[in-house]
Every structure is written in C-alpha cells, then in structure tokens.
>>> print(open('query_29.cif').read())   # mmCIF, N, CA and C atoms
data_coords
#
loop_
_atom_site.label_atom_id
_atom_site.label_comp_id
_atom_site.auth_asym_id
_atom_site.auth_seq_id
_atom_site.Cartn_x
_atom_site.Cartn_y
_atom_site.Cartn_z
N LEU A 1 -3.10 6.73 7.28
CA LEU A 1 -2.51 5.43 7.03
C LEU A 1 -3.51 4.32 7.36
N PHE A 2 -4.11 4.41 8.53
CA PHE A 2 -5.06 3.38 8.93
C PHE A 2 -6.24 3.33 7.96
N MET A 3 -6.77 4.49 7.59
CA MET A 3 -7.92 4.54 6.69
C MET A 3 -7.58 3.93 5.33
N SER A 4 -6.40 4.20 4.83
CA SER A 4 -5.96 3.63 3.57
C SER A 4 -5.93 2.11 3.64
N PHE A 5 -5.37 1.59 4.71
CA PHE A 5 -5.31 0.14 4.87
C PHE A 5 -6.70 -0.44 5.01
N PHE A 6 -7.58 0.26 5.73
CA PHE A 6 -8.94 -0.24 5.87
C PHE A 6 -9.65 -0.30 4.52
N LEU A 7 -9.59 0.80 3.76
CA LEU A 7 -10.30 0.84 2.48
C LEU A 7 -9.75 -0.17 1.49
N ASN A 8 -8.50 -0.57 1.64
CA ASN A 8 -7.91 -1.57 0.75
C ASN A 8 -8.04 -2.99 1.31
N SER A 9 -8.64 -3.11 2.49
CA SER A 9 -8.85 -4.44 3.08
C SER A 9 -10.07 -5.08 2.41
N PRO A 10 -10.23 -6.39 2.54
CA PRO A 10 -11.41 -7.04 1.95
C PRO A 10 -12.73 -6.41 2.41
N GLY A 11 -12.84 -6.10 3.70
CA GLY A 11 -14.08 -5.50 4.21
C GLY A 11 -14.32 -4.10 3.66
N GLY A 12 -13.29 -3.31 3.60
CA GLY A 12 -13.42 -1.96 3.07
C GLY A 12 -13.76 -1.98 1.59
N ARG A 13 -13.08 -2.84 0.83
CA ARG A 13 -13.36 -2.93 -0.60
C ARG A 13 -14.77 -3.44 -0.85
N ARG A 14 -15.24 -4.36 -0.02
CA ARG A 14 -16.61 -4.88 -0.16
C ARG A 14 -17.63 -3.74 -0.01
N GLN A 15 -17.40 -2.88 0.99
CA GLN A 15 -18.32 -1.75 1.19
C GLN A 15 -18.29 -0.80 -0.01
N MET A 16 -17.11 -0.50 -0.50
CA MET A 16 -16.99 0.42 -1.63
C MET A 16 -17.62 -0.20 -2.89
N PHE A 17 -17.42 -1.50 -3.07
CA PHE A 17 -17.96 -2.18 -4.24
C PHE A 17 -19.49 -2.16 -4.22
N ARG A 18 -20.07 -2.40 -3.05
CA ARG A 18 -21.53 -2.38 -2.92
C ARG A 18 -22.09 -0.99 -3.20
N ALA A 19 -21.37 0.04 -2.79
CA ALA A 19 -21.86 1.40 -2.95
C ALA A 19 -21.58 1.95 -4.36
N GLY A 20 -20.65 1.33 -5.07
CA GLY A 20 -20.25 1.84 -6.38
C GLY A 20 -21.29 1.62 -7.45
N LYS A 21 -21.34 2.53 -8.38
CA LYS A 21 -22.22 2.43 -9.55
C LYS A 21 -21.34 2.36 -10.79
N THR A 22 -21.78 1.59 -11.76
CA THR A 22 -21.01 1.45 -12.99
C THR A 22 -21.69 2.25 -14.09
N THR A 23 -20.92 3.17 -14.67
CA THR A 23 -21.40 3.91 -15.83
C THR A 23 -20.29 3.89 -16.86
N SER A 24 -20.62 3.50 -18.04
CA SER A 24 -19.65 3.45 -19.14
C SER A 24 -18.44 2.60 -18.79
N GLY A 25 -18.63 1.57 -17.99
CA GLY A 25 -17.51 0.71 -17.62
C GLY A 25 -16.64 1.27 -16.51
N LEU A 26 -16.98 2.44 -15.98
CA LEU A 26 -16.20 3.04 -14.90
C LEU A 26 -16.97 2.92 -13.59
N ASN A 27 -16.31 2.48 -12.55
CA ASN A 27 -16.95 2.42 -11.23
C ASN A 27 -16.85 3.77 -10.57
N THR A 28 -17.97 4.25 -10.08
CA THR A 28 -17.99 5.54 -9.38
C THR A 28 -18.70 5.36 -8.05
N ILE A 29 -18.41 6.24 -7.13
CA ILE A 29 -19.08 6.23 -5.83
C ILE A 29 -19.42 7.67 -5.50
N SER A 30 -20.65 7.88 -5.04
CA SER A 30 -21.08 9.23 -4.72
C SER A 30 -20.51 9.66 -3.37
N THR A 31 -20.51 10.95 -3.16
CA THR A 31 -20.02 11.50 -1.90
C THR A 31 -20.86 10.99 -0.74
N SER A 32 -22.17 10.93 -0.93
CA SER A 32 -23.04 10.47 0.16
C SER A 32 -22.77 9.00 0.48
N ASN A 33 -22.50 8.17 -0.56
CA ASN A 33 -22.16 6.77 -0.30
C ASN A 33 -20.83 6.65 0.42
N ALA A 34 -19.88 7.48 0.06
CA ALA A 34 -18.58 7.46 0.74
C ALA A 34 -18.75 7.85 2.20
N LYS A 35 -19.61 8.83 2.46
CA LYS A 35 -19.86 9.26 3.84
C LYS A 35 -20.55 8.18 4.66
N ASP A 36 -21.30 7.30 4.00
CA ASP A 36 -22.01 6.22 4.69
C ASP A 36 -21.13 5.02 5.00
N THR A 37 -19.88 5.05 4.57
CA THR A 37 -18.97 3.93 4.81
C THR A 37 -18.74 3.79 6.31
N ILE A 38 -18.87 2.57 6.78
CA ILE A 38 -18.69 2.30 8.20
C ILE A 38 -17.23 1.93 8.45
N VAL A 39 -16.58 2.72 9.27
CA VAL A 39 -15.18 2.48 9.62
C VAL A 39 -15.09 2.38 11.13
N LEU A 40 -14.65 1.24 11.62
CA LEU A 40 -14.44 1.09 13.05
C LEU A 40 -13.12 1.78 13.40
N VAL A 41 -13.19 2.74 14.29
CA VAL A 41 -12.00 3.50 14.66
C VAL A 41 -11.44 2.94 15.96
N PRO A 42 -10.24 2.34 15.88
CA PRO A 42 -9.65 1.79 17.10
C PRO A 42 -9.20 2.90 18.06
N ALA A 43 -8.95 2.50 19.28
CA ALA A 43 -8.45 3.44 20.28
C ALA A 43 -7.14 4.05 19.78
N ILE A 44 -6.84 5.25 20.23
CA ILE A 44 -5.66 5.97 19.76
C ILE A 44 -4.37 5.17 20.01
N GLN A 45 -4.31 4.44 21.12
CA GLN A 45 -3.13 3.62 21.41
C GLN A 45 -2.97 2.53 20.35
N ASP A 46 -4.09 1.92 19.94
CA ASP A 46 -4.04 0.89 18.91
C ASP A 46 -3.65 1.48 17.55
N GLN A 47 -4.14 2.68 17.27
CA GLN A 47 -3.77 3.34 16.02
C GLN A 47 -2.27 3.62 16.01
N GLN A 48 -1.73 4.10 17.13
CA GLN A 48 -0.30 4.39 17.21
C GLN A 48 0.51 3.12 17.08
N HIS A 49 0.04 2.04 17.69
CA HIS A 49 0.71 0.74 17.57
C HIS A 49 0.74 0.30 16.11
N PHE A 50 -0.37 0.48 15.41
CA PHE A 50 -0.45 0.15 13.98
C PHE A 50 0.57 0.96 13.19
N VAL A 51 0.64 2.25 13.45
CA VAL A 51 1.60 3.12 12.75
C VAL A 51 3.03 2.68 13.04
N ASP A 52 3.32 2.34 14.30
CA ASP A 52 4.66 1.88 14.66
C ASP A 52 5.04 0.61 13.90
N ILE A 53 4.11 -0.32 13.84
CA ILE A 53 4.38 -1.57 13.12
C ILE A 53 4.59 -1.29 11.64
N MET A 54 3.74 -0.46 11.04
CA MET A 54 3.88 -0.16 9.61
C MET A 54 5.19 0.57 9.33
N HIS A 55 5.62 1.41 10.25
CA HIS A 55 6.89 2.11 10.09
C HIS A 55 8.04 1.10 10.07
N ARG A 56 8.01 0.14 10.99
CA ARG A 56 9.06 -0.89 11.02
C ARG A 56 9.04 -1.74 9.75
N VAL A 57 7.85 -2.08 9.28
CA VAL A 57 7.73 -2.85 8.03
C VAL A 57 8.32 -2.05 6.88
N TYR A 58 8.01 -0.76 6.82
CA TYR A 58 8.53 0.11 5.76
C TYR A 58 10.06 0.16 5.80
N ILE A 59 10.62 0.32 6.99
CA ILE A 59 12.09 0.38 7.14
C ILE A 59 12.72 -0.93 6.66
N HIS A 60 12.17 -2.07 7.07
CA HIS A 60 12.72 -3.36 6.64
C HIS A 60 12.58 -3.56 5.13
N ALA A 61 11.44 -3.17 4.59
CA ALA A 61 11.23 -3.30 3.15
C ALA A 61 12.21 -2.42 2.38
N LYS A 62 12.42 -1.21 2.87
CA LYS A 62 13.35 -0.29 2.21
C LYS A 62 14.77 -0.85 2.25
N LYS A 63 15.18 -1.41 3.39
CA LYS A 63 16.50 -2.02 3.49
C LYS A 63 16.63 -3.19 2.52
N ALA A 64 15.58 -3.99 2.40
CA ALA A 64 15.61 -5.15 1.50
C ALA A 64 15.76 -4.70 0.06
N VAL A 65 15.05 -3.64 -0.32
CA VAL A 65 15.15 -3.13 -1.69
C VAL A 65 16.53 -2.57 -1.94
N LEU A 66 17.03 -1.79 -0.99
CA LEU A 66 18.36 -1.19 -1.17
C LEU A 66 19.45 -2.25 -1.26
N SER A 67 19.29 -3.34 -0.51
CA SER A 67 20.32 -4.38 -0.53
C SER A 67 20.33 -5.14 -1.85
N THR A 68 19.20 -5.16 -2.55
CA THR A 68 19.17 -5.86 -3.84
C THR A 68 19.33 -4.91 -5.02
N GLU A 69 19.13 -3.62 -4.80
CA GLU A 69 19.21 -2.64 -5.88
C GLU A 69 20.61 -2.55 -6.47
N GLN A 70 21.62 -2.40 -5.65
CA GLN A 70 22.99 -2.18 -6.13
C GLN A 70 23.49 -3.36 -6.97
N PRO A 71 23.39 -4.60 -6.49
CA PRO A 71 23.86 -5.70 -7.33
C PRO A 71 23.07 -5.80 -8.64
N LEU A 72 21.79 -5.52 -8.60
CA LEU A 72 20.98 -5.56 -9.81
C LEU A 72 21.43 -4.49 -10.79
N PHE A 73 21.66 -3.28 -10.29
CA PHE A 73 22.13 -2.19 -11.14
C PHE A 73 23.48 -2.54 -11.77
N GLU A 74 24.39 -3.08 -10.96
CA GLU A 74 25.70 -3.46 -11.48
C GLU A 74 25.59 -4.55 -12.53
N SER A 75 24.68 -5.50 -12.32
CA SER A 75 24.47 -6.56 -13.29
C SER A 75 23.96 -5.99 -14.62
N PHE A 76 22.99 -5.09 -14.54
CA PHE A 76 22.47 -4.48 -15.77
C PHE A 76 23.54 -3.64 -16.47
N THR A 77 24.33 -2.92 -15.68
CA THR A 77 25.39 -2.11 -16.27
C THR A 77 26.39 -2.98 -17.01
N GLN A 78 26.82 -4.06 -16.39
CA GLN A 78 27.78 -4.98 -17.03
C GLN A 78 27.18 -5.58 -18.30
N ARG A 79 25.92 -5.97 -18.25
CA ARG A 79 25.29 -6.55 -19.43
C ARG A 79 25.14 -5.52 -20.54
N ALA A 80 24.85 -4.28 -20.15
CA ALA A 80 24.71 -3.22 -21.16
C ALA A 80 26.04 -2.96 -21.85
N PHE A 81 27.13 -2.92 -21.08
CA PHE A 81 28.45 -2.66 -21.68
C PHE A 81 28.90 -3.82 -22.57
N ARG A 82 28.42 -5.01 -22.27
CA ARG A 82 28.76 -6.16 -23.12
C ARG A 82 27.83 -6.27 -24.32
N GLY A 83 26.84 -5.37 -24.39
CA GLY A 83 25.92 -5.39 -25.50
C GLY A 83 24.86 -6.47 -25.42
N GLU A 84 24.59 -6.95 -24.21
CA GLU A 84 23.63 -8.04 -24.04
C GLU A 84 22.20 -7.57 -23.81
N LEU A 85 22.00 -6.28 -23.72
CA LEU A 85 20.62 -5.78 -23.48
C LEU A 85 19.99 -5.27 -24.76
#
>>> encode(input="query_29.cif", output="structure tokens")
Amino acid sequence: LFMSFFLNSPGGRRQMFRAGKTTSGLNTISTSNAKDTIVLVPAIQDQQHFVDIMHRVYIHAKKAVLSTEQPLFESFTQRAFRGEL
C-alpha cells in the first residue's frame, strides 16, 4: 500500500518519468531502472499508522458511496420505467 502511494506521488512519478524510455509512443522502464528507484522506508510504526489512516479513509469513502448508490439506483430505475432513458 505504501509503495503504491509513493510511486503515484509527485516524487515517485518524477523518478519513474526520468527513468522511462519512450519507444513507439509507449513509456517503458527497465528492470534495472526500477531497482534504482529511491524509496524512503519509514519506521514500521509510521507504516502501520499510514495503513490505519488509509483503512479509515477507505471505510468512510465506502460508506459515502453506499449512501449515494441506492437513491441513484432508484432514480435511474424510475426514469427507465417512465421511458426517460
């Protein structure tokens, strides 16, 4: 989880972009360049704290989606039965 967030961060993407080569319009990165990526590894307590926070964010986001999903589904269903879609 932490590594994914790092690689998608501005700093991680900058490193990958610098190491990437473009061939035929496709960006590629060699295994050796990927191995050369510098990743600061926080202490295990900080990593666990990060995971805990991301878990809470995920739970809240899931609740938010679920709370809006049902009314949206019902709205689409009603519109479909009225022939409005």
>>> residues_around(input="query_29.cif", residues="stretch 3-20 of chain A", least_positions_apart="4", cutoff="12 Å", atoms="only C-alpha atoms", output="PyMOL selection string")
chain A and resi 25-42+47+50-51+54
>>> atom_distance(input="query_29.cif", atom1="atom CA of A:Ile44", atom2="atom CA of A:Lys63")
28.6 Å
>>> atom_distance(input="query_29.cif", atom1="atom C of A:His60", atom2="atom CA of A:Glu74")
21.2 Å
>>> atom_distance(input="query_29.cif", atom1="atom CA of A:Ser75", atom2="atom C of A:Ile59")
23.8 Å
>>> select_by_dssp(input="query_29.cif", residues="stretch 11-57 of chain A", states="alpha helix (DSSP H)", output="list in words")
Gly11, Gly12, Arg13, Arg14, Gln15, Met16, Phe17, Arg18, Ala19, Thr31, Ser32, Asn33, Ala34, Lys35, Ile44, Gln45, Asp46, Gln47, Gln48, His49, Phe50, Val51, Asp52, Ile53, Met54, His55, Arg56 and Val57 of chain A
